[in-house]
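Trainee: What follows is the file query.tsv, containing TSV, C-alpha atoms and all ligand atoms:
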chain	number	residue	atom	x	y	z
A	1	MET	CA	-67.20	28.64	-116.42
A	2	LEU	CA	-67.99	30.19	-119.74
A	3	ALA	CA	-70.01	28.98	-122.74
A	4	VAL	CA	-68.98	30.40	-126.12
A	5	LEU	CA	-71.99	30.22	-128.46
A	6	ASP	CA	-72.26	29.19	-132.11
A	7	ASP	CA	-72.28	32.19	-134.48
A	8	ASN	CA	-75.96	31.74	-135.33
A	9	ALA	CA	-77.16	30.68	-131.87
A	10	ASP	CA	-80.08	32.45	-130.23
A	11	ALA	CA	-78.44	33.57	-126.96
A	12	ALA	CA	-81.79	34.08	-125.21
A	13	ALA	CA	-82.91	30.55	-126.08
A	14	VAL	CA	-79.59	29.04	-124.96
A	15	GLY	CA	-79.82	31.06	-121.73
A	16	ALA	CA	-83.34	29.72	-121.13
A	17	ILE	CA	-82.12	26.11	-121.48
A	18	MET	CA	-79.37	26.87	-119.01
A	19	ARG	CA	-81.87	28.33	-116.55
A	20	GLY	CA	-83.62	24.97	-116.75
A	21	LEU	CA	-80.34	23.39	-115.59
A	22	GLY	CA	-80.26	25.67	-112.55
A	23	LEU	CA	-77.74	28.04	-114.13
A	24	TRP	CA	-77.73	31.81	-114.16
A	25	THR	CA	-75.86	33.47	-116.97
A	26	GLN	CA	-74.43	36.79	-117.92
A	27	ARG	CA	-74.14	37.59	-121.61
A	28	TYR	CA	-71.27	39.44	-123.24
A	29	GLN	CA	-69.23	39.61	-126.47
A	30	ASP	CA	-65.63	38.44	-126.33
A	31	SER	CA	-62.85	40.34	-128.09
A	32	ALA	CA	-63.38	38.24	-131.25
A	33	GLY	CA	-67.07	39.20	-131.33
A	34	ALA	CA	-68.39	35.80	-130.20
A	35	THR	CA	-71.40	35.79	-127.90
A	36	CYS	CA	-70.57	34.23	-124.54
A	37	LEU	CA	-72.66	33.24	-121.55
A	38	ALA	CA	-70.74	33.30	-118.28
A	39	ILE	CA	-72.10	31.08	-115.51
A	40	VAL	CA	-72.60	33.30	-112.48
A	41	PRO	CA	-73.87	32.87	-108.91
A	42	PRO	CA	-76.25	31.61	-107.63
A	43	SER	CA	-75.89	28.85	-110.23
A	44	GLN	CA	-75.72	25.20	-109.27
A	45	ALA	CA	-72.55	23.23	-109.94
A	46	VAL	CA	-72.44	21.86	-113.48
A	47	ASP	CA	-70.06	19.61	-115.40
A	48	ALA	CA	-68.42	21.13	-118.46
A	49	GLU	CA	-69.68	18.19	-120.58
A	50	VAL	CA	-73.29	18.95	-119.63
A	51	LEU	CA	-72.84	22.55	-120.64
A	52	ALA	CA	-71.10	21.63	-123.89
A	53	ALA	CA	-74.10	19.46	-124.84
A	54	VAL	CA	-76.55	22.38	-124.72
A	55	PRO	CA	-77.69	23.20	-128.30
A	56	GLY	CA	-76.06	26.43	-129.46
A	57	VAL	CA	-72.95	26.06	-127.29
A	58	ALA	CA	-69.78	25.92	-129.43
A	59	ARG	CA	-67.30	25.33	-126.61
A	60	VAL	CA	-66.86	25.64	-122.86
A	61	LEU	CA	-63.96	27.43	-121.23
A	62	GLN	CA	-62.92	26.78	-117.69
A	63	ALA	CA	-60.69	29.30	-116.02
A	64	ALA	CA	-57.64	27.61	-114.53
A	65	SER	CA	-58.20	27.68	-110.80
A	66	ALA	CA	-55.73	27.35	-107.95
A	67	THR	CA	-58.51	25.77	-105.91
A	68	PRO	CA	-60.43	23.28	-108.07
A	69	LEU	CA	-61.52	21.14	-105.13
A	70	VAL	CA	-62.78	24.14	-103.18
A	71	ASP	CA	-64.56	25.27	-106.36
A	72	ALA	CA	-66.19	21.84	-106.62
A	73	GLN	CA	-67.77	22.45	-103.22
A	74	PHE	CA	-69.82	25.25	-104.86
A	75	GLY	CA	-73.36	25.06	-103.50
A	76	ARG	CA	-72.77	21.73	-101.75
A	77	SER	CA	-74.14	21.43	-98.25
A	78	VAL	CA	-72.31	19.60	-95.48
A	79	ARG	CA	-73.53	17.28	-92.76
A	80	VAL	CA	-72.06	17.59	-89.28
A	81	GLY	CA	-73.32	14.79	-87.08
A	82	GLY	CA	-77.07	14.72	-87.65
A	83	VAL	CA	-77.28	18.27	-88.96
A	84	THR	CA	-77.07	19.61	-92.49
A	85	LEU	CA	-75.75	23.14	-92.66
A	86	GLY	CA	-77.03	25.55	-95.24
A	87	SER	CA	-80.77	26.10	-95.07
A	88	ASN	CA	-80.76	28.52	-92.15
A	89	CYS	CA	-78.21	30.13	-89.88
A	90	ALA	CA	-77.34	27.45	-87.30
A	91	LEU	CA	-75.74	28.00	-83.91
A	92	PHE	CA	-72.50	26.44	-82.66
A	93	ALA	CA	-71.79	27.26	-79.01
A	94	GLY	CA	-69.71	26.24	-76.05
A	95	PRO	CA	-66.85	27.31	-73.86
A	96	CYS	CA	-63.55	28.62	-75.13
A	97	ALA	CA	-61.81	25.87	-73.18
A	98	ALA	CA	-63.02	22.72	-71.49
A	99	GLU	CA	-62.07	23.60	-67.92
A	100	SER	CA	-63.74	20.83	-65.91
A	101	GLU	CA	-66.33	18.15	-66.47
A	102	SER	CA	-69.03	20.17	-64.74
A	103	GLN	CA	-68.19	23.39	-66.59
A	104	VAL	CA	-68.35	21.60	-69.96
A	105	HIS	CA	-71.70	20.01	-69.10
A	106	ALA	CA	-73.15	23.32	-67.91
A	107	ALA	CA	-71.98	25.08	-71.07
A	108	ALA	CA	-73.37	22.29	-73.25
A	109	VAL	CA	-76.76	22.66	-71.55
A	110	MET	CA	-76.63	26.42	-72.22
A	111	ALA	CA	-75.80	25.71	-75.86
A	112	ALA	CA	-78.57	23.14	-76.30
A	113	MET	CA	-81.15	25.33	-74.54
A	114	SER	CA	-80.32	28.07	-77.02
A	115	GLY	CA	-80.94	25.82	-80.01
A	116	ALA	CA	-77.30	25.12	-80.83
A	117	VAL	CA	-76.65	22.07	-83.00
A	118	VAL	CA	-72.91	21.84	-82.46
A	119	LEU	CA	-70.94	22.06	-79.22
A	120	ARG	CA	-67.61	23.86	-79.49
A	121	GLY	CA	-64.81	23.85	-76.94
A	122	GLY	CA	-61.09	23.35	-76.75
A	123	ALA	CA	-59.22	20.52	-75.08
A	124	PHE	CA	-55.98	21.77	-76.64
A	125	LYS	CA	-55.76	25.56	-76.55
A	126	PRO	CA	-53.33	27.69	-78.53
A	127	ARG	CA	-52.31	30.48	-76.15
A	128	THR	CA	-50.15	33.51	-76.79
A	129	SER	CA	-48.44	33.18	-73.43
A	130	PRO	CA	-46.68	29.94	-72.52
A	131	TYR	CA	-47.85	30.53	-68.94
A	132	ALA	CA	-51.56	30.73	-69.77
A	133	PHE	CA	-53.98	27.81	-69.32
A	134	SER	CA	-53.60	25.67	-72.44
A	135	GLY	CA	-56.32	23.07	-71.93
A	136	HIS	CA	-56.63	19.76	-70.12
A	137	GLY	CA	-55.87	17.72	-73.24
A	138	LEU	CA	-57.10	14.16	-73.71
A	139	VAL	CA	-59.32	13.96	-70.63
A	140	ALA	CA	-61.14	17.09	-71.77
A	141	LEU	CA	-61.98	15.44	-75.10
A	142	GLN	CA	-63.98	12.87	-73.18
A	143	TRP	CA	-65.81	15.59	-71.18
A	144	LEU	CA	-66.71	17.30	-74.45
A	145	ARG	CA	-67.88	14.08	-76.10
A	146	ASP	CA	-70.02	13.12	-73.11
A	147	ALA	CA	-71.54	16.59	-72.84
A	148	ALA	CA	-72.32	16.65	-76.56
A	149	ASP	CA	-74.00	13.23	-76.37
A	150	ALA	CA	-75.95	14.12	-73.25
A	151	ASN	CA	-77.41	17.14	-75.03
A	152	GLY	CA	-77.89	15.79	-78.54
A	153	LEU	CA	-75.14	17.95	-80.01
A	154	ALA	CA	-72.39	17.29	-82.52
A	155	LEU	CA	-68.88	18.32	-81.47
A	156	VAL	CA	-66.24	20.50	-83.08
A	157	THR	CA	-62.90	20.84	-81.35
A	158	GLU	CA	-59.48	22.08	-82.32
A	159	VAL	CA	-56.60	19.83	-83.26
A	160	MET	CA	-53.25	21.54	-82.75
A	161	ALA	CA	-50.82	18.70	-83.35
A	162	VAL	CA	-50.60	15.55	-85.44
A	163	ALA	CA	-49.80	13.64	-82.24
A	164	HIS	CA	-53.34	14.30	-80.96
A	165	LEU	CA	-55.12	13.80	-84.25
A	166	ASP	CA	-56.42	10.26	-83.69
A	167	ALA	CA	-57.84	11.17	-80.30
A	168	VAL	CA	-59.51	14.34	-81.59
A	169	ALA	CA	-60.86	12.56	-84.66
A	170	ASN	CA	-62.34	9.79	-82.49
A	171	ALA	CA	-64.04	12.31	-80.24
A	172	ALA	CA	-65.44	14.86	-82.69
A	173	GLU	CA	-67.66	14.94	-85.77
A	174	MET	CA	-65.82	18.01	-87.06
A	175	LEU	CA	-62.15	18.93	-86.70
A	176	GLN	CA	-61.20	22.55	-86.13
A	177	VAL	CA	-57.98	23.99	-87.49
A	178	GLY	CA	-57.33	27.18	-85.56
A	179	SER	CA	-56.36	30.56	-86.88
A	180	ARG	CA	-52.73	30.14	-85.89
A	181	ASN	CA	-52.44	26.85	-87.78
A	182	MET	CA	-54.24	27.86	-90.97
A	183	GLN	CA	-50.97	27.67	-92.89
A	184	ASN	CA	-49.46	24.71	-91.06
A	185	TYR	CA	-49.44	22.59	-94.19
A	186	SER	CA	-48.26	19.34	-92.64
A	187	LEU	CA	-51.06	19.60	-90.07
A	188	LEU	CA	-53.56	20.41	-92.84
A	189	ARG	CA	-52.48	17.29	-94.75
A	190	ALA	CA	-52.83	15.05	-91.71
A	191	VAL	CA	-56.21	16.53	-90.76
A	192	GLY	CA	-57.44	16.19	-94.34
A	193	GLU	CA	-56.45	12.52	-94.43
A	194	VAL	CA	-58.94	11.80	-91.63
A	195	GLY	CA	-61.73	12.43	-94.15
A	196	LYS	CA	-64.05	14.28	-91.76
A	197	PRO	CA	-65.48	17.78	-92.27
A	198	VAL	CA	-63.04	20.47	-91.18
A	199	LEU	CA	-63.76	23.89	-89.73
A	200	LEU	CA	-60.90	25.98	-91.11
A	201	LYS	CA	-60.48	29.23	-89.23
A	202	ARG	CA	-59.00	32.15	-91.10
A	203	GLY	CA	-55.48	33.17	-90.16
A	204	ALA	CA	-55.42	36.55	-88.45
A	205	ALA	CA	-53.53	38.09	-91.36
A	206	ALA	CA	-54.47	35.70	-94.17
A	207	THR	CA	-55.75	36.90	-97.51
A	208	LEU	CA	-58.84	35.27	-98.93
A	209	ASP	CA	-56.68	33.50	-101.48
A	210	GLU	CA	-54.35	32.06	-98.83
A	211	TRP	CA	-57.37	30.89	-96.86
A	212	LEU	CA	-58.95	29.20	-99.89
A	213	GLN	CA	-55.67	27.51	-100.78
A	214	ALA	CA	-55.37	26.22	-97.22
A	215	GLY	CA	-58.82	24.71	-97.78
A	216	GLU	CA	-57.51	23.19	-100.99
A	217	HIS	CA	-54.69	21.51	-99.02
A	218	LEU	CA	-57.27	19.89	-96.76
A	219	LEU	CA	-59.44	18.70	-99.64
A	220	ALA	CA	-56.45	17.46	-101.64
A	221	ALA	CA	-55.56	15.31	-98.63
A	222	GLY	CA	-59.09	13.89	-98.43
A	223	ALA	CA	-61.12	16.11	-96.09
A	224	GLY	CA	-64.84	15.34	-96.30
A	225	HIS	CA	-65.70	19.02	-96.63
A	226	VAL	CA	-64.04	22.30	-95.72
A	227	VAL	CA	-66.17	24.85	-93.90
A	228	PHE	CA	-64.60	28.29	-93.76
A	229	CYS	CA	-64.76	30.12	-90.43
A	230	GLU	CA	-64.23	33.88	-90.38
A	231	ARG	CA	-63.08	35.03	-86.93
A	232	GLY	CA	-61.73	38.49	-87.64
A	233	VAL	CA	-58.45	39.75	-88.99
A	234	ARG	CA	-55.78	42.13	-87.73
A	235	SER	CA	-56.66	45.74	-88.41
A	236	VAL	CA	-55.76	49.28	-87.46
A	237	GLY	CA	-57.70	49.60	-84.21
A	238	ARG	CA	-57.51	47.58	-81.02
A	239	ASP	CA	-60.98	48.55	-79.79
A	240	THR	CA	-62.21	45.15	-80.84
A	241	ARG	CA	-59.94	42.15	-80.71
A	242	ASN	CA	-60.05	41.65	-84.47
A	243	MET	CA	-61.96	43.12	-87.40
A	244	LEU	CA	-64.79	40.86	-88.57
A	245	ASP	CA	-64.51	40.69	-92.34
A	246	LEU	CA	-68.14	40.40	-93.39
A	247	GLY	CA	-67.23	41.23	-96.98
A	248	ALA	CA	-65.17	38.04	-97.11
A	249	VAL	CA	-68.11	36.09	-95.67
A	250	ALA	CA	-70.46	37.43	-98.36
A	251	LEU	CA	-67.94	36.70	-101.07
A	252	LEU	CA	-67.24	33.15	-99.91
A	253	LYS	CA	-70.93	32.43	-99.56
A	254	HIS	CA	-72.46	34.16	-102.55
A	255	VAL	CA	-69.66	34.18	-105.12
A	256	ARG	CA	-67.65	31.09	-104.19
A	257	GLY	CA	-70.64	29.01	-103.04
A	258	GLN	CA	-68.92	27.86	-99.82
A	259	THR	CA	-70.32	26.90	-96.43
A	260	VAL	CA	-69.31	29.67	-94.05
A	261	VAL	CA	-69.33	29.90	-90.26
A	262	VAL	CA	-68.72	33.17	-88.46
A	263	ASP	CA	-67.12	33.41	-85.02
A	264	PRO	CA	-68.12	36.80	-83.64
A	265	SER	CA	-66.63	36.01	-80.20
A	266	HIS	CA	-62.97	36.05	-81.25
A	267	ALA	CA	-63.64	38.99	-83.56
A	268	ALA	CA	-65.23	41.15	-80.86
A	269	GLY	CA	-63.25	40.04	-77.81
A	270	ARG	CA	-66.07	41.56	-75.72
A	271	ARG	CA	-69.47	40.07	-75.01
A	272	ASP	CA	-71.56	43.19	-75.67
A	273	LEU	CA	-70.73	43.05	-79.39
A	274	VAL	CA	-71.18	39.33	-79.94
A	275	ILE	CA	-74.94	39.35	-80.61
A	276	PRO	CA	-74.88	42.35	-83.00
A	277	LEU	CA	-72.00	40.81	-84.95
A	278	ALA	CA	-73.70	37.41	-85.01
A	279	MET	CA	-76.82	38.99	-86.50
A	280	ALA	CA	-74.76	40.88	-89.06
A	281	ALA	CA	-73.06	37.61	-90.01
A	282	ARG	CA	-76.43	35.94	-90.48
A	283	ALA	CA	-77.57	38.83	-92.63
A	284	VAL	CA	-74.68	38.45	-95.07
A	285	GLY	CA	-75.28	34.73	-95.45
A	286	ALA	CA	-73.39	32.85	-92.72
A	287	ASP	CA	-74.52	29.22	-92.52
A	288	ALA	CA	-73.79	29.23	-88.81
A	289	VAL	CA	-72.45	31.46	-86.08
A	290	MET	CA	-70.12	30.00	-83.48
A	291	VAL	CA	-70.07	31.71	-80.09
A	292	GLU	CA	-68.34	31.16	-76.79
A	293	CYS	CA	-70.44	30.77	-73.66
A	294	HIS	CA	-69.65	29.98	-70.04
A	295	PRO	CA	-71.77	29.28	-66.96
A	296	HIS	CA	-69.68	31.82	-65.02
A	297	PRO	CA	-67.84	34.07	-67.48
A	298	SER	CA	-66.00	35.97	-64.75
A	299	GLN	CA	-64.35	32.70	-63.67
A	300	ALA	CA	-63.35	31.56	-67.16
A	301	LEU	CA	-59.75	30.41	-67.58
A	302	SER	CA	-59.61	31.87	-71.09
A	303	ASP	CA	-61.58	34.45	-73.06
A	304	GLY	CA	-64.00	35.27	-70.25
A	305	ALA	CA	-64.51	38.82	-71.53
A	306	GLN	CA	-66.21	37.54	-74.67
A	307	ALA	CA	-68.14	34.61	-73.16
A	308	LEU	CA	-71.94	34.89	-73.16
A	309	ASP	CA	-73.83	33.93	-69.99
A	310	SER	CA	-77.21	32.12	-69.96
A	311	GLU	CA	-79.25	35.27	-70.30
A	312	GLU	CA	-77.21	36.50	-73.27
A	313	MET	CA	-77.44	33.09	-74.91
A	314	ALA	CA	-81.20	33.25	-74.60
A	315	ARG	CA	-81.19	36.69	-76.23
A	316	LEU	CA	-79.01	35.44	-79.07
A	317	ALA	CA	-81.31	32.44	-79.58
A	318	THR	CA	-84.39	34.66	-79.74
A	319	ALA	CA	-82.79	37.01	-82.26
A	320	LEU	CA	-81.45	34.20	-84.46
A	321	ASN	CA	-84.71	32.27	-84.40
A	322	ALA	CA	-86.75	35.32	-85.31
A	323	ALA	CA	-84.46	36.09	-88.25
A	324	ASN	CA	-84.44	32.47	-89.39
A	325	VAL	CA	-88.24	32.19	-89.23
A	326	GLU	CA	-88.58	35.40	-91.20
A	327	MET	CA	-86.17	34.10	-93.83
A	328	THR	CA	-87.91	30.71	-94.08
A	329	THR	CA	-91.31	32.38	-94.49
A	330	HIS	CA	-89.94	34.68	-97.14
A	331	ARG	CA	-88.27	31.79	-98.97
A	332	ARG	CA	-91.49	29.75	-98.90
A	333	ALA	CA	-93.35	32.70	-100.33
A	334	LEU	CA	-90.81	32.92	-103.15
A	335	ASP	CA	-91.12	29.14	-103.72
A	336	GLY	CA	-94.89	29.38	-103.69
A	337	THR	CA	-95.02	26.83	-100.86
A	338	GLY	CA	-95.92	29.15	-98.00
A	339	SER	CA	-98.96	31.13	-97.14
A	340	ALA	CA	-97.66	34.18	-95.29
A	341	TYR	CA	-97.00	36.28	-98.37
A	342	ALA	CA	-99.12	34.33	-100.83
B	401	LIG	C1	-61.03	28.94	-80.76
B	401	LIG	O1	-62.01	29.00	-81.51
B	401	LIG	O2	-61.00	28.24	-79.76
B	401	LIG	C2	-59.81	29.72	-81.10
B	401	LIG	C3	-58.67	29.51	-80.46
B	401	LIG	O3	-59.99	30.62	-82.06
B	401	LIG	P1	-58.96	31.20	-83.16
B	401	LIG	O4	-58.19	30.03	-83.70
B	401	LIG	O5	-59.86	31.82	-84.16
B	401	LIG	O6	-58.10	32.19	-82.45
B	402	MN	MN	-61.53	31.47	-77.20
Please re-express this file's structure in structure tokens.

Mentor:
Amino acid sequence: MLAVLDDNADAAAVGAIMRGLGLWTQRYQDSAGATCLAIVPPSQAVDAEVLAAVPGVARVLQAASATPLVDAQFGRSVRVGGVTLGSNCALFAGPCAAESESQVHAAAVMAAMSGAVVLRGGAFKPRTSPYAFSGHGLVALQWLRDAADANGLALVTEVMAVAHLDAVANAAEMLQVGSRNMQNYSLLRAVGEVGKPVLLKRGAAATLDEWLQAGEHLLAAGAGHVVFCERGVRSVGRDTRNMLDLGAVALLKHVRGQTVVVDPSHAAGRRDLVIPLAMAARAVGADAVMVECHPHPSQALSDGAQALDSEEMARLATALNAANVEMTTHRRALDGTGSAYA
């Protein structure tokens, strides 16, 4: 958004009023010589009418956007179960697939012990090969729900088909649309109509714009909130499974004001890189990282090579906690509410 100022307005004074409204501005002259203040990150969301009422503002221009509902999420936090995402980097964890009741429970305990707030895991699995294990379906939703409840976790799980939507929506606090379905617009519409928060994974070859517009489809249909999940894109090398696009994460978070989750497991495809990539994701502003874990990774029916075991989950938890504590202390010092740097 852009405020064009009156000819005789004092731009510094107008800018100061806007700061009082939680807005950061950048000043420039337009081609007609008028002084303009562009609203830039990390500004709070503001209505055009509020801006137009600031003394010294002649008119407000809003760039036409292909994603007005995504834009309206700017700076808004989202609640998933009992947890609000946004203040620190949270942890989502769980198995790639729900393989048995005992495996799901063991993985949920691993997740909870590591400080996770959301259990992940698939009952319906999209698989490249038609012969690969594709999930236990409806019964697995119940295992996931029970394991989440037993460990005080919220649940996110993937919905692959409209036929399963009611069952998935009844079981989970957050609905996951997988990478392969990011542009399945009829599925997006149906998922949006449920009204719950949606974890929208990025298509493996999707541009940022396509991803945002997929989010717009969900919101236009009524989704409670769209959380964008970067999980790596196709790239030149095959040394990692995908290339984690941390630039896109930073842009979505800091320029577009969105809630962003990063899945380092599907980006790396190998467990030794999951913790470093998770920490990098946190550093660029991810609101949560979502990792795969398994009580016995070597026996996993899918994605065992990238599943963390208990010891690796503990290491991830220690690293994430330390970084989060450091950030909180630093933030308090900036707010003047903490003592560490006062
Ligand atoms: C998953 O998270 O279970 C999954 C299948 O990931 P993606 O859609 O990113 O491939
Ligand atoms: Mn997986």

Trainee: What residues of the protein or nucleic acid chains come within 9 Å of ligand LIG 401 (chain B) when you use only C-alpha atoms and all ligand atoms? Reply as a compact mmCIF listing (two decimals) with C-alpha atoms, in the frame of the given file.

Mentor:
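Here's the written file result.txt:
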# COMPACT_ATOMS: atom_id res chain seq x y z
CA PRO A 95 -66.85 27.31 -73.86
CA CYS A 96 -63.55 28.62 -75.13
CA ALA A 97 -61.81 25.87 -73.18
CA ARG A 120 -67.61 23.86 -79.49
CA GLY A 121 -64.81 23.85 -76.94
CA GLY A 122 -61.09 23.35 -76.75
CA PHE A 124 -55.98 21.77 -76.64
CA LYS A 125 -55.76 25.56 -76.55
CA PRO A 126 -53.33 27.69 -78.53
CA ARG A 127 -52.31 30.48 -76.15
CA THR A 157 -62.90 20.84 -81.35
CA GLU A 158 -59.48 22.08 -82.32
CA GLN A 176 -61.20 22.55 -86.13
CA VAL A 177 -57.98 23.99 -87.49
CA GLY A 178 -57.33 27.18 -85.56
CA SER A 179 -56.36 30.56 -86.88
CA ARG A 180 -52.73 30.14 -85.89
CA ASN A 181 -52.44 26.85 -87.78
CA MET A 182 -54.24 27.86 -90.97
CA LEU A 200 -60.90 25.98 -91.11
CA LYS A 201 -60.48 29.23 -89.23
CA ARG A 202 -59.00 32.15 -91.10
CA GLY A 203 -55.48 33.17 -90.16
CA ALA A 204 -55.42 36.55 -88.45
CA CYS A 229 -64.76 30.12 -90.43
CA GLU A 230 -64.23 33.88 -90.38
CA ARG A 231 -63.08 35.03 -86.93
CA GLY A 232 -61.73 38.49 -87.64
CA ASP A 263 -67.12 33.41 -85.02
CA SER A 265 -66.63 36.01 -80.20
CA HIS A 266 -62.97 36.05 -81.25
CA ALA A 267 -63.64 38.99 -83.56
CA MET A 290 -70.12 30.00 -83.48
CA VAL A 291 -70.07 31.71 -80.09
CA GLU A 292 -68.34 31.16 -76.79

Trainee: Which neighbours of Ala307 (chain A) fall inside 7 Å, counting only C-alpha atoms, when residues of the same chain fewer than 6 positions from it are skipped, and could you give them as a PyMOL selection string?

Mentor: chain A and resi 271+292-294+297

Trainee: Within 9 Å of region 130-146 of chain A, counting all atoms listed in the file, which residues show up once you throw out same-chain ones fewer than 2 positions away? Write them as a PyMOL selection string, please.

Mentor: chain A and resi 97-102+104-105+108+119-128+148-151+154-155+157+164+167-168+171-172+301-302

Trainee: With distances taken over all atoms listed in the file, which of A:Gly86, A:Ala111, A:Val54, A:Gly15 is nearest to Ile39 (chain A)?

Mentor: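 Nearest candidate to Ile39 (chain A) out of A:Gly86, A:Ala111, A:Val54, A:Gly15: A:Gly15.
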
Trainee: Return the single residue from A:Ala12, A:Ala305, A:Val236, A:Ile275 that is closest to ligand MN 402 (chain B), with distances computed using all atoms listed in the file.

Mentor: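 Closest to ligand MN 402 (chain B) of all the choices is A:Ala305.
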
Trainee: Using all atoms listed in the file, collect all residues at a distance of at most 12 Å from (-77.2, 35.8, -120.8) as written in the file, then present them as a VMD selection string.

Mentor: chain A and resid 2 to 5 10 to 19 23 to 29 35 to 40

Trainee: So which residues are close to (-70.3, 25.4, -114.0), meaning at most 10 Å away in the file's coordinates with all atoms listed in the file counted, and can you show them as a ChimeraX atom specification?

Mentor: /A:1-3,23-24,38-41,43-51,60-62,71-72,74

Trainee: Take the residues just selected and output them with C-alpha atoms as a CSV table (one decimal), keeping the file's coordinate frame.

Mentor:
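See out.csv below for the written result:
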chain,number,residue,atom,x,y,z
A,1,MET,CA,-67.2,28.6,-116.4
A,2,LEU,CA,-68.0,30.2,-119.7
A,3,ALA,CA,-70.0,29.0,-122.7
A,23,LEU,CA,-77.7,28.0,-114.1
A,24,TRP,CA,-77.7,31.8,-114.2
A,38,ALA,CA,-70.7,33.3,-118.3
A,39,ILE,CA,-72.1,31.1,-115.5
A,40,VAL,CA,-72.6,33.3,-112.5
A,41,PRO,CA,-73.9,32.9,-108.9
A,43,SER,CA,-75.9,28.8,-110.2
A,44,GLN,CA,-75.7,25.2,-109.3
A,45,ALA,CA,-72.6,23.2,-109.9
A,46,VAL,CA,-72.4,21.9,-113.5
A,47,ASP,CA,-70.1,19.6,-115.4
A,48,ALA,CA,-68.4,21.1,-118.5
A,49,GLU,CA,-69.7,18.2,-120.6
A,50,VAL,CA,-73.3,19.0,-119.6
A,51,LEU,CA,-72.8,22.6,-120.6
A,60,VAL,CA,-66.9,25.6,-122.9
A,61,LEU,CA,-64.0,27.4,-121.2
A,62,GLN,CA,-62.9,26.8,-117.7
A,71,ASP,CA,-64.6,25.3,-106.4
A,72,ALA,CA,-66.2,21.8,-106.6
A,74,PHE,CA,-69.8,25.2,-104.9

Trainee: CA of Gly269 (chain A) and CA of Ala107 (chain A) are how many Å apart?

Mentor: 18.6 Å

Trainee: Would you mind reading off the distance between CA of Leu153 (chain A) and CA of Val83 (chain A), one decimal, in Å?

Mentor: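 Pair CA of Leu153 (chain A) / CA of Val83 (chain A) returns 9.2 Å.
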
Trainee: Extract, using all atoms listed in the file, all DNA, RNA and protein residues at most 6 Å from region 286-289 of chain A, discarding same-chain residues fewer than 4 positions from it, and format them as a list of chain:residue names.

Mentor: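 In the requested format, the answer is A:Gly86, A:Cys89, A:Ala90, A:Leu91, A:Val260, A:Val261, A:Val262, A:Asp263, A:Ala281, A:Arg282.
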
Trainee: Which residue, A:Arg331, A:Arg79, A:Arg241, A:Lys196, has the smallest gap to ligand MN 402 (chain B) when you use all atoms listed in the file?

Mentor: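 For ligand MN 402 (chain B), the nearest of the given residues is A:Arg241.
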
Trainee: Using all atoms listed in the file, which of A:Thr67, A:Gly195, A:Phe228, A:Met110 sits nearest Arg315 (chain A)?

Mentor: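 For Arg315 (chain A), the nearest of the candidates is A:Met110.
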
Trainee: Work out how far CA of Ala323 (chain A) is from CA of Ala112 (chain A), in Å to one decimal.

Mentor: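 Those two atoms sit 18.6 Å apart.
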
Trainee: Could you give me, as a ChimeraX atom specification, the residues within 10 Å of Val70 (chain A), counting all atoms listed in the file and dropping anything in the same chain fewer than 5 positions from it?

Mentor: /A:65,212-220,225-227,256-258

Trainee: From the set A:Ala333, A:Ala268, A:Val198, A:Leu277, which residue has the shortest atom-to-atom contact distance to ligand MN 402 (chain B), counting all atoms listed in the file?

Mentor: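 The answer is A:Ala268, which sits nearest to ligand MN 402 (chain B).
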